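Shown next: final_13.txt, given as compact mmCIF, C-alpha atoms.
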```txt
# COMPACT_ATOMS: atom_id res chain seq x y z
CA MET A 17 25.19 37.67 38.57
CA LYS A 18 21.39 37.37 38.49
CA LEU A 19 21.47 37.85 34.74
CA PHE A 20 24.08 35.10 34.45
CA ARG A 21 21.99 32.69 36.51
CA HIS A 22 18.93 33.55 34.41
CA LEU A 23 20.84 32.85 31.21
CA LYS A 24 22.02 29.52 32.60
CA THR A 25 18.41 28.60 33.39
CA VAL A 26 17.26 29.56 29.91
CA VAL A 27 20.08 27.58 28.29
CA ALA A 28 19.33 24.56 30.48
CA GLY A 29 15.66 24.73 29.54
CA LEU A 30 16.47 24.96 25.86
CA SER A 31 18.86 22.04 26.14
CA LEU A 32 16.20 19.94 27.85
CA GLY A 33 13.67 20.86 25.16
CA ILE A 34 16.12 19.95 22.40
CA ALA A 35 16.93 16.67 24.14
CA LEU A 36 13.23 15.77 24.50
CA ALA A 37 12.57 16.69 20.87
CA ALA A 38 15.49 14.52 19.76
CA GLN A 39 14.20 11.69 21.93
CA ALA A 40 10.75 12.03 20.34
CA GLN A 41 12.30 11.95 16.87
CA ASP A 42 14.14 8.74 17.81
CA LYS A 43 10.84 6.98 18.49
CA PRO A 44 8.89 5.59 15.52
CA PRO A 45 5.65 7.41 14.68
CA LEU A 46 2.61 6.10 16.49
CA ARG A 47 -0.20 5.24 14.02
CA LEU A 48 -3.87 6.14 14.32
CA ILE A 49 -5.82 4.17 11.69
CA VAL A 50 -9.05 5.75 10.42
CA GLY A 51 -11.43 3.77 8.22
CA PHE A 52 -12.76 6.78 6.34
CA ALA A 53 -11.45 9.32 3.85
CA PRO A 54 -9.84 12.55 5.02
CA GLY A 55 -12.23 15.39 5.83
CA GLY A 56 -15.02 13.50 7.57
CA SER A 57 -15.97 13.80 11.23
CA THR A 58 -14.00 10.74 12.37
CA ASP A 59 -10.92 11.85 10.45
CA THR A 60 -11.22 15.35 11.91
CA VAL A 61 -11.34 14.02 15.47
CA ALA A 62 -8.34 11.79 14.77
CA ARG A 63 -6.27 14.66 13.39
CA VAL A 64 -7.16 17.04 16.21
CA ILE A 65 -6.11 14.42 18.74
CA ALA A 66 -3.02 13.30 16.81
CA ASP A 67 -1.73 16.86 16.69
CA LYS A 68 -1.89 17.15 20.49
CA LEU A 69 -0.82 13.62 21.49
CA ARG A 70 2.76 14.23 20.45
CA GLY A 71 3.41 16.22 23.63
CA PRO A 72 2.25 13.81 26.35
CA LEU A 73 3.41 10.71 24.44
CA GLY A 74 6.78 12.14 23.48
CA GLN A 75 6.72 10.82 19.93
CA PRO A 76 5.30 11.66 16.50
CA VAL A 77 1.70 10.61 15.81
CA ILE A 78 0.37 10.11 12.29
CA VAL A 79 -3.13 9.47 10.94
CA GLU A 80 -3.35 6.64 8.41
CA ASN A 81 -6.56 6.57 6.37
CA LYS A 82 -7.81 3.16 5.22
CA PRO A 83 -11.25 3.99 3.83
CA GLY A 84 -13.71 1.39 2.67
CA ALA A 85 -16.35 -1.12 3.76
CA GLY A 86 -17.72 1.09 6.53
CA GLY A 87 -14.48 0.97 8.49
CA ARG A 88 -14.03 -2.79 8.27
CA LEU A 89 -10.74 -2.50 6.38
CA ALA A 90 -9.30 -0.34 9.15
CA ALA A 91 -10.44 -2.73 11.86
CA GLU A 92 -8.90 -5.67 10.02
CA ALA A 93 -5.65 -3.73 9.66
CA LEU A 94 -5.68 -3.01 13.38
CA LYS A 95 -6.21 -6.67 14.22
CA ASN A 96 -3.21 -7.60 12.08
CA SER A 97 -0.95 -4.98 13.64
CA ALA A 98 1.62 -5.80 16.30
CA PRO A 99 0.20 -5.38 19.82
CA ASP A 100 3.07 -3.14 20.88
CA GLY A 101 1.24 0.07 21.74
CA GLN A 102 2.25 1.77 18.49
CA THR A 103 -0.96 1.26 16.49
CA TYR A 104 -4.53 2.27 17.35
CA MET A 105 -7.82 2.77 15.52
CA ILE A 106 -10.20 5.69 15.89
CA ALA A 107 -13.71 4.80 14.73
CA PRO A 108 -17.38 5.60 15.35
CA ASN A 109 -19.77 3.19 17.00
CA ALA A 110 -21.22 2.62 13.53
CA THR A 111 -18.03 0.69 12.77
CA GLY A 112 -17.55 -1.08 16.08
CA VAL A 113 -21.12 -2.03 16.95
CA PHE A 114 -23.16 -2.10 13.75
CA GLN A 115 -20.60 -3.84 11.55
CA ALA A 116 -20.27 -6.56 14.18
CA LEU A 117 -24.03 -7.10 14.13
CA LEU A 118 -24.47 -7.00 10.37
CA TYR A 119 -21.66 -9.27 9.25
CA PRO A 120 -20.31 -12.64 10.40
CA VAL A 121 -16.68 -12.87 11.49
CA SER A 122 -15.93 -14.74 8.24
CA VAL A 123 -16.78 -11.53 6.34
CA LEU A 124 -15.34 -9.07 8.85
CA ARG A 125 -12.15 -11.09 9.33
CA TYR A 126 -11.98 -9.83 12.91
CA ASP A 127 -13.96 -10.25 16.13
CA LEU A 128 -14.79 -6.97 17.88
CA LEU A 129 -14.74 -8.35 21.42
CA ASN A 130 -11.79 -10.72 21.04
CA ASP A 131 -9.46 -9.18 18.47
CA LEU A 132 -9.71 -5.50 19.43
CA ALA A 133 -8.92 -4.02 22.84
CA PRO A 134 -11.00 -1.01 23.93
CA VAL A 135 -8.94 2.03 24.90
CA ALA A 136 -11.33 4.95 25.46
CA VAL A 137 -14.42 6.81 24.33
CA LEU A 138 -13.30 10.14 22.84
CA VAL A 139 -16.38 12.16 21.89
CA SER A 140 -20.15 11.79 21.67
CA TYR A 141 -22.56 13.72 19.50
CA PRO A 142 -26.30 13.93 18.79
CA LEU A 143 -28.10 12.47 15.83
CA ALA A 144 -30.85 14.71 14.51
CA LEU A 145 -33.89 14.57 12.27
CA ALA A 146 -33.50 17.46 9.82
CA VAL A 147 -36.07 18.61 7.29
CA GLY A 148 -35.87 20.95 4.33
CA THR A 149 -37.69 24.26 4.58
CA LYS A 150 -39.85 23.33 1.56
CA THR A 151 -41.66 20.79 3.74
CA GLY A 152 -43.15 23.54 5.92
CA VAL A 153 -42.54 21.26 8.93
CA ASP A 154 -41.56 22.65 12.34
CA ASN A 155 -41.67 19.58 14.61
CA VAL A 156 -41.87 15.80 14.55
CA LYS A 157 -45.67 15.62 14.83
CA GLU A 158 -45.95 17.85 11.78
CA TYR A 159 -43.41 15.67 9.98
CA VAL A 160 -45.45 12.53 10.71
CA ALA A 161 -48.61 14.28 9.45
CA TYR A 162 -46.66 15.41 6.37
CA VAL A 163 -45.76 11.78 5.61
CA LYS A 164 -49.25 10.44 6.32
CA GLY A 165 -50.73 13.06 4.00
CA LYS A 166 -48.71 11.73 1.08
CA PRO A 167 -46.95 8.42 1.77
CA GLU A 168 -44.56 8.99 -1.14
CA ARG A 169 -42.97 11.67 1.06
CA GLY A 170 -41.97 8.96 3.53
CA MET A 171 -38.27 8.89 2.80
CA PHE A 172 -35.23 10.03 4.71
CA GLY A 173 -31.61 10.34 3.75
CA SER A 174 -28.89 8.51 5.67
CA ALA A 175 -25.12 8.37 5.35
CA GLY A 176 -25.22 4.82 4.05
CA LEU A 177 -27.10 1.63 4.88
CA GLY A 178 -26.79 -0.41 8.04
CA GLY A 179 -25.69 2.30 10.45
CA HIS A 180 -26.94 4.17 13.47
CA THR A 181 -28.92 6.74 11.48
CA HIS A 182 -30.51 4.13 9.20
CA PHE A 183 -31.93 2.10 12.06
CA SER A 184 -32.85 5.19 14.09
CA GLY A 185 -35.10 6.17 11.19
CA LEU A 186 -36.75 2.76 11.19
CA GLN A 187 -37.32 3.06 14.95
CA LEU A 188 -39.03 6.40 14.40
CA ALA A 189 -41.21 4.89 11.67
CA LYS A 190 -42.29 2.12 14.01
CA ALA A 191 -43.10 4.52 16.86
CA ALA A 192 -45.01 6.90 14.57
CA GLY A 193 -46.91 4.20 12.69
CA VAL A 194 -45.70 5.31 9.27
CA GLU A 195 -43.54 3.80 6.58
CA LEU A 196 -40.20 5.51 6.10
CA ASN A 197 -37.83 4.38 3.37
CA VAL A 198 -34.13 5.08 3.64
CA VAL A 199 -32.26 6.84 0.84
CA PRO A 200 -28.57 5.92 1.28
CA TYR A 201 -25.82 8.43 0.58
CA LYS A 202 -22.06 8.13 0.59
CA GLY A 203 -21.65 10.24 3.68
CA ASN A 204 -23.39 13.20 5.27
CA GLY A 205 -21.88 15.71 2.84
CA PRO A 206 -23.86 14.58 -0.23
CA LEU A 207 -26.95 14.12 1.96
CA ALA A 208 -26.70 17.71 3.21
CA ILE A 209 -26.47 18.98 -0.38
CA ASP A 210 -29.65 17.16 -1.43
CA LEU A 211 -31.45 18.17 1.74
CA LEU A 212 -30.63 21.81 1.11
CA GLY A 213 -31.68 21.47 -2.52
CA GLY A 214 -34.98 19.78 -1.72
CA GLN A 215 -34.15 16.52 -3.49
CA VAL A 216 -34.86 14.63 -0.26
CA PRO A 217 -37.38 15.97 2.29
CA ALA A 218 -35.66 14.75 5.45
CA GLY A 219 -32.41 13.38 6.71
CA ILE A 220 -31.28 11.60 9.86
CA MET A 221 -27.67 12.50 10.38
CA THR A 222 -24.83 13.64 12.58
CA ALA A 223 -26.09 16.98 13.85
CA GLY A 224 -22.73 18.66 13.41
CA ASP A 225 -22.88 18.07 9.65
CA ILE A 226 -26.09 20.07 9.23
CA ALA A 227 -26.42 22.38 12.26
CA GLN A 228 -24.66 25.28 10.51
CA HIS A 229 -27.43 25.33 7.91
CA GLN A 230 -30.10 25.67 10.57
CA LYS A 231 -28.47 28.92 11.64
CA THR A 232 -28.95 30.27 8.12
CA GLY A 233 -32.56 29.05 7.97
CA ASP A 234 -31.96 26.61 5.12
CA VAL A 235 -33.00 23.52 7.10
CA LYS A 236 -34.65 22.78 10.42
CA LEU A 237 -33.47 20.33 13.05
CA ILE A 238 -36.74 19.15 14.56
CA GLY A 239 -35.66 16.38 16.93
CA VAL A 240 -32.71 14.54 18.45
CA PHE A 241 -32.64 10.81 19.13
CA GLY A 242 -31.19 10.78 22.65
CA ALA A 243 -33.01 10.48 25.96
CA GLU A 244 -32.23 14.10 26.83
CA ARG A 245 -31.62 17.29 24.91
CA SER A 246 -28.05 17.71 23.82
CA PRO A 247 -26.13 20.57 25.46
CA LEU A 248 -24.73 21.16 21.99
CA LEU A 249 -28.25 21.78 20.59
CA PRO A 250 -30.29 22.85 23.62
CA GLU A 251 -33.02 24.37 21.46
CA VAL A 252 -33.81 21.07 19.69
CA PRO A 253 -36.26 18.83 21.61
CA THR A 254 -35.95 15.07 21.82
CA LEU A 255 -38.35 12.77 20.00
CA ILE A 256 -39.55 11.58 23.41
CA GLU A 257 -40.54 15.13 24.37
CA GLN A 258 -42.64 15.26 21.21
CA GLY A 259 -44.57 12.10 21.99
CA TYR A 260 -42.50 9.42 20.22
CA ASN A 261 -40.84 6.84 22.43
CA VAL A 262 -37.58 6.67 20.50
CA ASP A 263 -34.23 6.79 22.28
CA THR A 264 -31.48 5.40 20.09
CA GLY A 265 -28.80 7.34 21.93
CA ASN A 266 -25.97 9.58 20.86
CA ALA A 267 -23.37 8.45 18.39
CA TRP A 268 -19.78 8.34 19.62
CA ILE A 269 -16.21 7.87 18.50
CA GLY A 270 -13.77 5.65 20.36
CA MET A 271 -10.28 4.24 20.18
CA TRP A 272 -9.22 0.59 20.03
CA ALA A 273 -5.88 -1.24 20.03
CA PRO A 274 -4.94 -4.74 18.89
CA ALA A 275 -5.82 -7.43 21.43
CA LYS A 276 -2.96 -8.34 23.78
CA THR A 277 -1.54 -4.81 23.73
CA PRO A 278 0.23 -4.45 27.11
CA LYS A 279 -1.86 -2.77 29.79
CA ALA A 280 0.95 -0.30 30.45
CA GLU A 281 0.67 0.94 26.85
CA LEU A 282 -3.11 1.21 27.07
CA ASP A 283 -2.82 3.14 30.33
CA ARG A 284 -0.24 5.45 28.78
CA MET A 285 -2.55 6.21 25.88
CA GLN A 286 -5.58 6.70 28.12
CA ALA A 287 -3.72 9.23 30.28
CA ALA A 288 -2.59 11.12 27.17
CA LEU A 289 -6.11 11.15 25.68
CA LYS A 290 -7.64 12.49 28.88
CA GLN A 291 -5.04 15.27 28.95
CA VAL A 292 -5.64 16.17 25.30
CA LEU A 293 -9.44 16.18 25.56
CA ASP A 294 -9.22 18.55 28.53
CA LEU A 295 -7.27 21.18 26.54
CA PRO A 296 -9.36 24.37 26.09
CA ASP A 297 -8.51 24.76 22.39
CA VAL A 298 -9.42 21.13 21.66
CA ARG A 299 -12.71 21.45 23.53
CA ASP A 300 -13.52 24.70 21.73
CA LEU A 301 -12.86 23.20 18.31
CA LEU A 302 -14.84 20.02 18.94
CA ILE A 303 -17.81 21.75 20.59
CA ASN A 304 -18.14 24.91 18.52
CA LYS A 305 -16.88 23.75 15.13
CA GLN A 306 -17.80 20.05 15.07
CA THR A 307 -20.86 19.95 17.40
CA MET A 308 -19.18 17.14 19.34
CA GLN A 309 -18.88 16.77 23.09
CA PRO A 310 -15.44 15.78 24.43
CA ASP A 311 -16.43 12.69 26.40
CA PHE A 312 -13.39 10.82 27.68
CA ARG A 313 -14.32 7.46 29.18
CA PRO A 314 -11.68 4.81 29.95
CA ALA A 315 -11.39 1.31 28.50
CA ALA A 316 -13.72 -0.40 30.96
CA GLU A 317 -16.53 2.05 30.15
CA LEU A 318 -15.98 1.71 26.40
CA ASP A 319 -16.19 -2.06 26.75
CA LYS A 320 -19.41 -1.75 28.77
CA LEU A 321 -20.87 0.71 26.25
CA GLN A 322 -20.17 -1.42 23.17
CA ARG A 323 -21.61 -4.51 24.84
CA LYS A 324 -24.74 -2.58 25.84
CA GLU A 325 -25.24 -1.35 22.29
CA LEU A 326 -24.65 -4.80 20.81
CA ALA A 327 -27.39 -6.15 23.11
CA TYR A 328 -29.80 -3.30 22.26
CA TRP A 329 -29.34 -3.14 18.50
CA GLY A 330 -29.10 -6.88 17.81
CA PRO A 331 -32.85 -7.55 18.19
CA VAL A 332 -33.75 -4.23 16.52
CA ILE A 333 -31.74 -5.02 13.41
CA LYS A 334 -33.04 -8.58 13.29
CA SER A 335 -36.64 -7.33 13.49
CA THR A 336 -36.17 -5.09 10.44
CA GLY A 337 -35.09 -8.00 8.25
CA PHE A 338 -32.33 -5.87 6.77
CA LYS A 339 -29.58 -7.85 5.07
CA PRO A 340 -26.48 -6.00 3.87
CA GLU A 341 -24.67 -6.83 0.69
CA GLN A 342 -21.83 -9.23 1.42
```

With the file now loaded, output its structure as structure tokens.
Amino acid sequence: MKLFRHLKTVVAGLSLGIALAAQAQDKPPLRLIVGFAPGGSTDTVARVIADKLRGPLGQPVIVENKPGAGGRLAAEALKNSAPDGQTYMIAPNATGVFQALLYPVSVLRYDLLNDLAPVAVLVSYPLALAVGTKTGVDNVKEYVAYVKGKPERGMFGSAGLGGHTHFSGLQLAKAAGVELNVVPYKGNGPLAIDLLGGQVPAGIMTAGDIAQHQKTGDVKLIGVFGAERSPLLPEVPTLIEQGYNVDTGNAWIGMWAPAKTPKAELDRMQAALKQVLDLPDVRDLLINKQTMQPDFRPAAELDKLQRKELAYWGPVIKSTGFKPEQ
């Protein structure tokens, strides 16, 4: 009799699972738009999350890559999507904040604060100043002396123009009293290759894209740009610790929805994201493989964060005189 009851329980559980799976298949796939090519850090975060969201949301989740224009094409696509809770964008603050400051709405074809609804912050991660071993530099003071000794050495690689790393480098130059010229790359991958090969003496970049090479002794991470040391790189001091008053903060990746998406849908997604980012295997992958800190913060905090960064970086960018190509 006990065996019979056990079998009934197992069959009932299987039936429920099959019913839920069928229900999930009946729902259209939920879209996560990413404004970069597959394989980058933003795409990786999106795919890790998409894989796990299926469970709590009860429907398929797909990643749709729309690379180009620093993420602007993805943001425009999000704006033009139906506000029905079935389409979201995952993007770094370089897309949300810096694009909004560099280009007028007539070029962007969307307004960050009015056309896109914040959903949540997903992860944050340190930006680091990395130098090649050929420089013989071990810290930021030595790097500044290295540049002052031969001004032609005053160049740093960045994953493109007009982003967080570009302007962080200019802030360092101002604090150190040296001239640093940016060498733009199409992403951190090509920059890492040239840094390892000695074609560029320094790079300011997402720490996770270069940290593995510090372990092998091929490069050195000599400073991070946040106010405090990153728990992901506890051995790397901040620039402030080394005597340079530069705090340009961590980079981060967030999620947005089209404006006017129902609050119930935003709440549903927030609850699912919090659940996913608390999963041990997701945390392990993000922390140990991507050098990213799971950092769930709800919509109100994302909105506050993007407004704070817009206010901080606006005058900084204006003071540099940098004008992007339209």

| task | Find the spatial neighbours of region 227-237 of chain A, counting all atoms listed in the file, within a cut-off of 8 Å - ignore same-chain residues fewer than 4 positions away - and output them as a VMD selection string. | result | chain A and resid 144 to 149 154 211 to 212 223 252 307

| Separation of CA of Asp294 (chain A) from CA of Thr103 (chain A) in Å | 22.6 Å

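Distances here use all atoms listed in the file; by that measure, the residue among A:Val123, A:Ala62, A:Ala91, A:Val198 closest to Trp272 (chain A) is A:Ala91.
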
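The point (-11.8, 8.2, 13.8) has these residues within 7 Å of it, counting only C-alpha atoms: Val50, Thr58, Asp59, Val61, Ala62, Met105, Ile106, Ala107, Pro108 and Ile269 of chain A.
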
| request: Could you check how far CA of Met308 (chain A) sits from CA of Glu325 (chain A), in Å to one decimal? | output: 19.7 Å

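Among the candidates A:Pro44, A:Gly173, A:Pro274, A:Gly224, the one nearest to Gln75 (chain A) when counting only C-alpha atoms is A:Pro44.
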
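Nearest to Gly87 (chain A) of all the residues A:Gln102, A:Ser122, A:Thr111, A:Gln322 is A:Thr111, based on only C-alpha atoms.
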
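Closest approach to Val240 (chain A) among A:Gly176, A:Pro76, A:Pro217, A:Gly265: A:Gly265, based on only C-alpha atoms.
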
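Once Gln306 (chain A) and its same-chain neighbours fewer than 5 positions away are set aside, Gly55, Gly56, Ser57, Thr58, Asp59, Thr60, Val61, Val64, Val139, Ser140, Tyr141, Pro142, Thr222, Ala223, Gly224, Asp225, Ile226, Ala227, Gln228, Leu248, Leu249, Val298, Arg299, Asp300 and Leu301 of chain A remain within 12 Å of it when counting only C-alpha atoms.
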
Expected file contents, prior selection, C-alpha atoms, as an mmCIF file, in the frame of the given file:
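This went into again_34.cif:
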```
data_model
loop_
_atom_site.group_PDB
_atom_site.id
_atom_site.type_symbol
_atom_site.label_atom_id
_atom_site.label_comp_id
_atom_site.auth_asym_id
_atom_site.auth_seq_id
_atom_site.Cartn_x
_atom_site.Cartn_y
_atom_site.Cartn_z
ATOM 1 C CA GLY A 55 -12.230 15.390 5.830
ATOM 2 C CA GLY A 56 -15.020 13.500 7.570
ATOM 3 C CA SER A 57 -15.970 13.800 11.230
ATOM 4 C CA THR A 58 -14.000 10.740 12.370
ATOM 5 C CA ASP A 59 -10.920 11.850 10.450
ATOM 6 C CA THR A 60 -11.220 15.350 11.910
ATOM 7 C CA VAL A 61 -11.340 14.020 15.470
ATOM 8 C CA VAL A 64 -7.160 17.040 16.210
ATOM 9 C CA VAL A 139 -16.380 12.160 21.890
ATOM 10 C CA SER A 140 -20.150 11.790 21.670
ATOM 11 C CA TYR A 141 -22.560 13.720 19.500
ATOM 12 C CA PRO A 142 -26.300 13.930 18.790
ATOM 13 C CA THR A 222 -24.830 13.640 12.580
ATOM 14 C CA ALA A 223 -26.090 16.980 13.850
ATOM 15 C CA GLY A 224 -22.730 18.660 13.410
ATOM 16 C CA ASP A 225 -22.880 18.070 9.650
ATOM 17 C CA ILE A 226 -26.090 20.070 9.230
ATOM 18 C CA ALA A 227 -26.420 22.380 12.260
ATOM 19 C CA GLN A 228 -24.660 25.280 10.510
ATOM 20 C CA LEU A 248 -24.730 21.160 21.990
ATOM 21 C CA LEU A 249 -28.250 21.780 20.590
ATOM 22 C CA VAL A 298 -9.420 21.130 21.660
ATOM 23 C CA ARG A 299 -12.710 21.450 23.530
ATOM 24 C CA ASP A 300 -13.520 24.700 21.730
ATOM 25 C CA LEU A 301 -12.860 23.200 18.310
#
```

| field | Neighbour residues at most 10 Å from (-38.9, 2.9, 17.2) (all atoms listed in the file) as a VMD selection string | value | chain A and resid 183 to 193 260 to 264 332

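Across the structure, CA of Arg169 (chain A) and CA of Lys334 (chain A) are spaced 25.7 Å apart.
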
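Every protein or nucleic acid residue with an atom no more than 6 Å from Val77 (chain A), counting only C-alpha atoms and leaving out same-chain residues fewer than 6 positions away, appears here: Pro45, Leu46, Arg47, Ala66 and Arg70 of chain A.
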
| query | Any idea what's packed within 12 Å of Asp319 (chain A), counting all atoms listed in the file, ignoring anything in its chain fewer than 2 positions away? Could you give it as a ChimeraX atom specification? | reply | /A:109,112-113,128-130,132-137,270-272,313-317,321-326

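Of the residues under consideration (A:Gly179, A:Pro247, A:Pro340, A:Gly86), A:Pro247 shows the shortest atom-to-atom contact distance to Asn304 (chain A) when counting only C-alpha atoms.
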